[in-house]
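S.K.: So that we are looking at the same thing, I have put the structure below in structure tokens.
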Amino acid sequence: MTAIAAPATSAPRRSSHHLSDVWAMTRRNLVHISREPMQLSDVTIQPVLFTVLFVYIFGGGIPIPGGASYKDFVLAGLLTLNLTTSSMGTAVGLSTDLHEGVIDRFRTLPMWRSAVLVGRSVADLMTASLCALIVALTGLAVGWRPDSNPASVLAGFALVLFFAYSLSWLSACVGLNSNSPESAASFGFLVLFPLSFVSNAMVPTQHMPGWLQAIADWNPVSAVTAAARDLFGNPNPSSTINAWPMQHPVEAAIIWSAVILAIAAPLASHFFRLRTTD
Amino acid sequence: MIEADGLQKRYGDTQALAGVSFAVPAGSVLGLLGPNGAGKTTAVRILTTLAVPDAGHARVDGIDVATDPLAVRRRIGVAAQDATLDGLLTGRQNLVLVGELSGLSRAYSRDRADELLEQFELTDAADRVVKGYSGGMRRRLDLAASLLTRPPILFLDEPTTGLDPTSRLRVWAAIRELIASGVTLLLTTQYLDEADALADRIVVVDHGRVIANGSPAELKRQSHNARLEVTLTDHHDGAAAAIRALVSGPITETNGGRHLSAGVDAAPGLATEIVRALDQAGIRVDDIAVRQPSLDDVFFALTGEHVEDETITEMEEVAS
């Protein structure tokens, strides 16, 4: 046989496949973002916009129990709001992938099938980290100040990013069941926006009607936001609420994120197999 | 070795494959020929692990596709009908990605990508985003991607459909090189001349069934409609009678009886026999030809359908 037809085994192969497959897919998704930087607007422009909007327009009209500064109250909320809503990017990205012929190419390669999903989630975690950084910098620019040690502040960011990562797997489930990227986006919008706003992220829940407050206090977004407020050393009016997640926000945030991830990740792999089998 | 054994596949109300069997011996080229919707792509999708058959078995290199798809994927290269490339990556990035996902190191994938870009005359376009490639460039890049791991077994699904004539010839040249290198190749096409030009054996499929299987020459013989054309030096009254037993159907005389034409069963040595018969009758021949049927004649004889008209229209649309 000549060079072209030489057996595949003649080419040098790596030993560990899964990690390098994931890294190759992650890089592919990062290249996509670099080609269409406007895709990033929801993690770059949106956080700046929301911060300015909430701090300067709504901030003056929203009293915080105990008379704390709205800026210090709202930053953790802005963080979860932005990361929650931007997690719909996973749904849109996967839905777009499924409509590209390149998925068929991946399926004929001896790769780890789930690398398509994991690579996407890792790339989305990277953009979420960029989003978190922009929220923090914008916050510092408008006067937000954390009031705890650096390790605790970092733990706060890590906790919110962990939540965002688990949400991106939930979002993957949505994307894998959508007929088009547009419907994936609208479904994400319909679910994620109420989820973000019916919470303690933007306003203290104490002023909500009783039934809505009950929902808000058990909303994972509230737990994550309250946990971040505690870890940042910022005012956390939810600490006076008697619901278990508001009394133990860090534990609640970790449990919520872990449970969502434990359910959504295998489910997404299952949906991916269904979508790519014929 | 590629083997399809009684493959059946139904999509909704459509029976895409209704029991298709064929084999491609190692190192040979099989042309899977048929019109749009004949089931060619479904057969390829099953053999390349993309689809699961409802019944029947598919084996590649002796490995059952359903039992060990990963082992099959390690041995095959696939160029699908719709170029399966990432439009937002450059040509080079596409090839390196395929290499890495095939388990090759990045350094090796890069070298191999350079080699293939050069071989397929894509070096100039290597760092451009694939979205901007022409149809012919995409096909060549797709072909390059399918060769990245130097697979011994290749599947090319309609590699030239929709290409202009020049691009088509370039793809043919690339395929001929591959064939010369000794790969086992399954090629699907709706172009009859393509199967004739590239394949050792042709399997004709229509409505999910195999309707013919043989070498291009055998298939031509099966069609029973080769034509004999004889030009005599002078008109001769006994000419028709002399060749009557060797032809089938009526003999047409034109040009004042100097030109005779008749349907024949194309067979080796037929022209010699005709010349001998005429010679024995003392008739001198200026020119004799047995015109072989085209593969379109074959297809028409087998299915009662012409395919080439559609093909030609498609080609013209692309060219204009």
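We label chains A, B, ... in the order they appear in the structure tokens, count residues from 1 in each chain, and number ligands from 1 in the order shown.
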For the alpha helix (DSSP H) assignment from backbone DSSP, which residues of segment 60-272 of chain A qualify? Please present them as a ChimeraX atom specification.
M.R.: /A:70-86,88-98,102-107,115-142,150-176,181-197,210-218,220-232,244-247,249-272
S.K.: Produce a file of the selected residues containing C-alpha atoms, as a compact mmCIF listing (two decimals), in the first residue's frame.
M.R.:
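Ended up saving to selection21.txt:
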```
# COMPACT_ATOMS: atom_id res chain seq x y z
CA TYR A 70 -28.56 49.27 46.86
CA LYS A 71 -25.25 49.02 44.96
CA ASP A 72 -23.81 46.66 47.55
CA PHE A 73 -27.09 44.73 47.67
CA VAL A 74 -27.63 44.38 43.93
CA LEU A 75 -24.23 43.28 42.64
CA ALA A 76 -24.59 39.62 43.63
CA GLY A 77 -28.08 39.75 42.11
CA LEU A 78 -26.75 41.19 38.86
CA LEU A 79 -24.18 38.41 38.80
CA THR A 80 -26.78 35.63 39.05
CA LEU A 81 -29.19 37.46 36.72
CA ASN A 82 -26.60 37.81 33.96
CA LEU A 83 -25.22 34.30 34.34
CA THR A 84 -28.68 32.73 34.52
CA THR A 85 -29.96 34.43 31.39
CA SER A 86 -26.74 33.92 29.43
CA MET A 88 -29.50 29.98 27.27
CA GLY A 89 -26.52 30.40 24.94
CA THR A 90 -25.85 26.69 25.41
CA ALA A 91 -29.30 25.83 24.08
CA VAL A 92 -28.89 28.09 21.06
CA GLY A 93 -25.37 26.83 20.32
CA LEU A 94 -26.30 23.16 20.51
CA SER A 95 -29.43 23.64 18.46
CA THR A 96 -27.33 25.40 15.81
CA ASP A 97 -24.81 22.54 15.85
CA LEU A 98 -27.55 19.98 15.30
CA VAL A 102 -20.61 18.82 10.74
CA ILE A 103 -22.40 16.80 13.45
CA ASP A 104 -22.53 13.89 10.97
CA ARG A 105 -18.78 14.24 10.50
CA PHE A 106 -18.22 14.06 14.27
CA ARG A 107 -20.42 10.97 14.42
CA ALA A 115 -17.40 15.60 23.94
CA VAL A 116 -19.77 17.63 21.76
CA LEU A 117 -21.80 18.46 24.89
CA VAL A 118 -18.99 18.72 27.41
CA GLY A 119 -16.88 20.86 25.05
CA ARG A 120 -19.84 23.18 24.61
CA SER A 121 -20.41 23.44 28.37
CA VAL A 122 -16.73 24.18 29.04
CA ALA A 123 -16.65 26.93 26.40
CA ASP A 124 -19.84 28.36 27.89
CA LEU A 125 -18.28 28.25 31.37
CA MET A 126 -15.39 30.30 29.98
CA THR A 127 -17.72 32.95 28.56
CA ALA A 128 -19.66 32.91 31.85
CA SER A 129 -16.39 33.63 33.68
CA LEU A 130 -15.80 36.55 31.34
CA CYS A 131 -19.32 37.74 32.11
CA ALA A 132 -18.67 37.49 35.86
CA LEU A 133 -15.49 39.50 35.46
CA ILE A 134 -17.29 42.24 33.55
CA VAL A 135 -20.06 42.39 36.18
CA ALA A 136 -17.43 42.69 38.91
CA LEU A 137 -15.50 45.42 37.11
CA THR A 138 -18.63 47.39 36.25
CA GLY A 139 -19.75 47.00 39.85
CA LEU A 140 -16.45 48.30 41.18
CA ALA A 141 -16.71 51.22 38.75
CA VAL A 142 -20.13 52.26 40.07
CA PRO A 150 -10.45 37.68 49.07
CA ALA A 151 -10.86 33.89 49.41
CA SER A 152 -14.47 34.37 50.44
CA VAL A 153 -15.11 36.76 47.53
CA LEU A 154 -13.59 34.25 45.10
CA ALA A 155 -15.71 31.49 46.64
CA GLY A 156 -18.76 33.67 45.95
CA PHE A 157 -17.86 33.96 42.28
CA ALA A 158 -17.05 30.24 42.05
CA LEU A 159 -20.41 29.37 43.57
CA VAL A 160 -22.32 31.48 41.04
CA LEU A 161 -20.25 30.01 38.18
CA PHE A 162 -20.97 26.47 39.43
CA PHE A 163 -24.67 27.30 39.33
CA ALA A 164 -24.30 28.75 35.82
CA TYR A 165 -22.47 25.58 34.71
CA SER A 166 -25.25 23.32 35.95
CA LEU A 167 -27.85 25.59 34.31
CA SER A 168 -26.00 25.30 31.00
CA TRP A 169 -26.69 21.54 31.10
CA LEU A 170 -30.36 22.26 31.70
CA SER A 171 -30.15 24.65 28.78
CA ALA A 172 -28.50 21.88 26.72
CA CYS A 173 -31.57 19.69 27.35
CA VAL A 174 -33.74 22.50 25.98
CA GLY A 175 -31.52 23.01 22.93
CA LEU A 176 -31.48 19.30 22.14
CA PRO A 181 -31.99 27.88 17.39
CA GLU A 182 -34.73 30.54 17.46
CA SER A 183 -37.18 28.37 19.37
CA ALA A 184 -34.36 27.34 21.72
CA ALA A 185 -33.70 31.01 22.40
CA SER A 186 -37.34 31.89 23.01
CA PHE A 187 -37.88 28.94 25.33
CA GLY A 188 -34.80 29.91 27.28
CA PHE A 189 -36.08 33.45 27.49
CA LEU A 190 -39.51 32.35 28.71
CA VAL A 191 -38.08 30.17 31.47
CA LEU A 192 -34.90 31.93 32.50
CA PHE A 193 -36.19 35.48 32.79
CA PRO A 194 -39.04 34.66 35.24
CA LEU A 195 -36.60 32.39 37.09
CA SER A 196 -34.14 35.27 37.48
CA PHE A 197 -36.67 37.93 38.43
CA GLY A 210 -47.02 35.88 50.25
CA TRP A 211 -47.38 33.14 47.60
CA LEU A 212 -44.81 34.81 45.31
CA GLN A 213 -42.41 35.28 48.21
CA ALA A 214 -42.64 31.56 48.98
CA ILE A 215 -41.67 30.76 45.39
CA ALA A 216 -38.91 33.35 45.43
CA ASP A 217 -37.42 32.10 48.70
CA TRP A 218 -37.18 28.55 47.37
CA PRO A 220 -32.41 28.38 43.38
CA VAL A 221 -31.51 31.82 42.02
CA SER A 222 -32.36 33.30 45.44
CA ALA A 223 -30.21 30.76 47.26
CA VAL A 224 -27.25 31.42 44.95
CA THR A 225 -27.69 35.20 45.23
CA ALA A 226 -28.00 35.09 49.02
CA ALA A 227 -24.94 32.85 49.26
CA ALA A 228 -22.92 35.25 47.09
CA ARG A 229 -24.06 38.21 49.24
CA ASP A 230 -22.92 36.42 52.38
CA LEU A 231 -19.58 35.44 50.84
CA PHE A 232 -19.01 38.97 49.49
CA TRP A 244 -34.44 26.82 55.02
CA PRO A 245 -32.57 27.93 51.84
CA MET A 246 -32.49 31.52 53.10
CA GLN A 247 -31.09 30.37 56.46
CA PRO A 249 -27.88 29.85 51.42
CA VAL A 250 -24.40 28.40 50.68
CA GLU A 251 -25.51 24.83 51.37
CA ALA A 252 -28.75 25.39 49.44
CA ALA A 253 -26.86 26.86 46.46
CA ILE A 254 -24.47 23.92 46.34
CA ILE A 255 -27.27 21.37 46.67
CA TRP A 256 -29.40 23.04 43.99
CA SER A 257 -26.48 23.24 41.54
CA ALA A 258 -25.35 19.68 42.19
CA VAL A 259 -28.87 18.27 41.85
CA ILE A 260 -29.54 20.18 38.61
CA LEU A 261 -26.20 19.00 37.20
CA ALA A 262 -26.73 15.39 38.30
CA ILE A 263 -30.10 15.27 36.56
CA ALA A 264 -29.48 17.47 33.52
CA ALA A 265 -26.09 16.11 32.40
CA PRO A 266 -27.14 12.45 31.92
CA LEU A 267 -30.45 13.65 30.49
CA ALA A 268 -28.67 15.84 27.95
CA SER A 269 -26.46 12.90 26.89
CA HIS A 270 -29.60 10.84 26.49
CA PHE A 271 -31.32 13.51 24.38
CA PHE A 272 -28.17 13.92 22.30
```
S.K.: Quick one: everything within 10 Å of Met137 of chain B, counting only C-alpha atoms, minus sequence neighbours fewer than 5 positions away in the same chain. Send it as a list in words.
M.R.: Gly91, Phe120, Glu121, Leu122, Ala125, Val130, Gly132, Asp142, Leu143, Leu163, Ser167 and Val171 of chain B
S.K.: Since we have the selection now, will you write its residues out, keeping N, CA and C atoms, as a PDB file, in the first residue's frame?
M.R.:
```pdb
ATOM      1  N   GLY B  91     -10.282  26.160   6.614  1.00  0.00           N
ATOM      2  CA  GLY B  91     -10.041  24.837   6.045  1.00  0.00           C
ATOM      3  C   GLY B  91      -9.057  24.060   6.897  1.00  0.00           C
ATOM      4  N   PHE B 120      -4.796  18.715  -2.402  1.00  0.00           N
ATOM      5  CA  PHE B 120      -6.091  19.085  -2.977  1.00  0.00           C
ATOM      6  C   PHE B 120      -6.120  20.536  -3.448  1.00  0.00           C
ATOM      7  N   GLU B 121      -4.949  21.120  -3.603  1.00  0.00           N
ATOM      8  CA  GLU B 121      -4.817  22.482  -4.129  1.00  0.00           C
ATOM      9  C   GLU B 121      -5.655  23.472  -3.328  1.00  0.00           C
ATOM     10  N   LEU B 122      -5.566  23.363  -2.012  1.00  0.00           N
ATOM     11  CA  LEU B 122      -6.319  24.271  -1.146  1.00  0.00           C
ATOM     12  C   LEU B 122      -5.388  25.111  -0.271  1.00  0.00           C
ATOM     13  N   ALA B 125      -6.243  28.713   0.159  1.00  0.00           N
ATOM     14  CA  ALA B 125      -7.489  28.994   0.872  1.00  0.00           C
ATOM     15  C   ALA B 125      -7.463  28.429   2.292  1.00  0.00           C
ATOM     16  N   VAL B 130     -14.417  28.462   5.968  1.00  0.00           N
ATOM     17  CA  VAL B 130     -14.999  27.554   4.977  1.00  0.00           C
ATOM     18  C   VAL B 130     -16.327  28.072   4.414  1.00  0.00           C
ATOM     19  N   GLY B 132     -16.953  30.708   3.120  1.00  0.00           N
ATOM     20  CA  GLY B 132     -16.724  31.418   1.871  1.00  0.00           C
ATOM     21  C   GLY B 132     -16.201  30.547   0.739  1.00  0.00           C
ATOM     22  N   ASP B 142     -13.762  18.342   2.055  1.00  0.00           N
ATOM     23  CA  ASP B 142     -14.459  17.231   2.685  1.00  0.00           C
ATOM     24  C   ASP B 142     -13.740  15.920   2.390  1.00  0.00           C
ATOM     25  N   LEU B 143     -13.309  15.791   1.130  1.00  0.00           N
ATOM     26  CA  LEU B 143     -12.560  14.608   0.726  1.00  0.00           C
ATOM     27  C   LEU B 143     -11.252  14.531   1.524  1.00  0.00           C
ATOM     28  N   LEU B 163     -21.550  19.733  -8.804  1.00  0.00           N
ATOM     29  CA  LEU B 163     -20.308  20.428  -9.170  1.00  0.00           C
ATOM     30  C   LEU B 163     -20.321  20.799 -10.654  1.00  0.00           C
ATOM     31  N   SER B 167     -14.742  21.268 -11.852  1.00  0.00           N
ATOM     32  CA  SER B 167     -14.540  20.774 -10.487  1.00  0.00           C
ATOM     33  C   SER B 167     -14.734  19.269 -10.437  1.00  0.00           C
ATOM     34  N   VAL B 171     -12.189  16.418  -8.946  1.00  0.00           N
ATOM     35  CA  VAL B 171     -12.532  15.436  -7.917  1.00  0.00           C
ATOM     36  C   VAL B 171     -12.272  14.024  -8.448  1.00  0.00           C
TER      37      VAL B 171
END
```
S.K.: Have a look at atom CA of Ala24 of chain A and atom CA of Ser134 of chain B and let me know their distance in Å, one decimal.
M.R.: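 Pair atom CA of Ala24 of chain A / atom CA of Ser134 of chain B returns 26.2 Å.
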S.K.: Using only C-alpha atoms, which protein or nucleic acid residues come within 10 Å of Gly249 of chain B? Drop anything in the same chain fewer than 3 positions from it, and give the result as an MDAnalysis selection string.
M.R.: chainID B and resid 244 252 262:264
S.K.: Would you mind listing what lies within 9 Å of segment 226-229 of chain B as a CSV table (one decimal) with N, CA and C atoms, in the first residue's frame, with only C-alpha atoms counted and same-chain residues fewer than 4 positions away left out?
M.R.:
```
chain,number,residue,atom,x,y,z
B,220,LYS,N,-23.5,-3.4,-19.5
B,220,LYS,CA,-23.8,-3.0,-20.9
B,220,LYS,C,-24.3,-4.1,-21.7
B,221,ARG,N,-23.7,-5.3,-21.5
B,221,ARG,CA,-24.2,-6.5,-22.3
B,221,ARG,C,-25.6,-6.8,-21.9
B,247,VAL,N,-27.7,-10.9,-36.1
B,247,VAL,CA,-28.3,-9.7,-35.5
B,247,VAL,C,-29.7,-10.0,-35.0
B,259,HIS,N,-25.2,1.4,-46.4
B,259,HIS,CA,-25.1,1.5,-44.9
B,259,HIS,C,-26.2,0.6,-44.3
B,260,LEU,N,-25.7,-0.4,-43.5
B,260,LEU,CA,-26.7,-1.2,-42.8
B,260,LEU,C,-26.6,-1.0,-41.3
B,261,SER,N,-27.7,-1.1,-40.6
B,261,SER,CA,-27.7,-0.9,-39.2
B,261,SER,C,-28.7,-1.8,-38.6
B,262,ALA,N,-28.4,-2.4,-37.4
B,262,ALA,CA,-29.3,-3.4,-36.8
B,262,ALA,C,-29.0,-3.5,-35.3
B,263,GLY,N,-29.9,-3.9,-34.5
B,263,GLY,CA,-29.7,-4.2,-33.1
B,263,GLY,C,-28.9,-5.5,-32.9
B,264,VAL,N,-28.0,-5.5,-32.0
B,264,VAL,CA,-27.3,-6.8,-31.7
B,264,VAL,C,-27.1,-7.0,-30.2
B,265,ASP,N,-26.9,-8.2,-29.9
B,265,ASP,CA,-26.4,-8.5,-28.5
B,265,ASP,C,-24.9,-8.3,-28.4
B,266,ALA,N,-24.5,-7.3,-27.7
B,266,ALA,CA,-23.1,-7.0,-27.7
B,266,ALA,C,-22.4,-8.2,-27.1
B,271,ALA,N,-18.1,-8.3,-34.1
B,271,ALA,CA,-17.7,-7.6,-35.3
B,271,ALA,C,-16.9,-8.5,-36.2
B,287,ASP,N,-16.3,-0.1,-43.4
B,287,ASP,CA,-16.2,0.3,-42.0
B,287,ASP,C,-17.2,-0.5,-41.2
B,288,ILE,N,-16.9,-0.9,-40.0
B,288,ILE,CA,-17.8,-1.6,-39.2
B,288,ILE,C,-17.7,-1.2,-37.7
B,289,ALA,N,-18.8,-1.0,-37.0
B,289,ALA,CA,-18.7,-0.6,-35.6
B,289,ALA,C,-19.8,-1.3,-34.8
B,290,VAL,N,-19.5,-1.8,-33.6
B,290,VAL,CA,-20.6,-2.2,-32.7
B,290,VAL,C,-20.6,-1.1,-31.6
B,291,ARG,N,-21.7,-0.3,-31.6
B,291,ARG,CA,-21.7,0.8,-30.6
B,291,ARG,C,-22.3,0.2,-29.3
B,292,GLN,N,-21.5,0.3,-28.2
B,292,GLN,CA,-21.9,-0.2,-26.9
B,292,GLN,C,-23.0,0.7,-26.4
B,293,PRO,N,-23.9,0.0,-25.6
B,293,PRO,CA,-24.9,0.9,-25.0
B,293,PRO,C,-24.3,1.7,-23.9
B,294,SER,N,-24.8,2.9,-23.7
B,294,SER,CA,-24.4,3.7,-22.6
B,294,SER,C,-25.0,3.2,-21.3
```
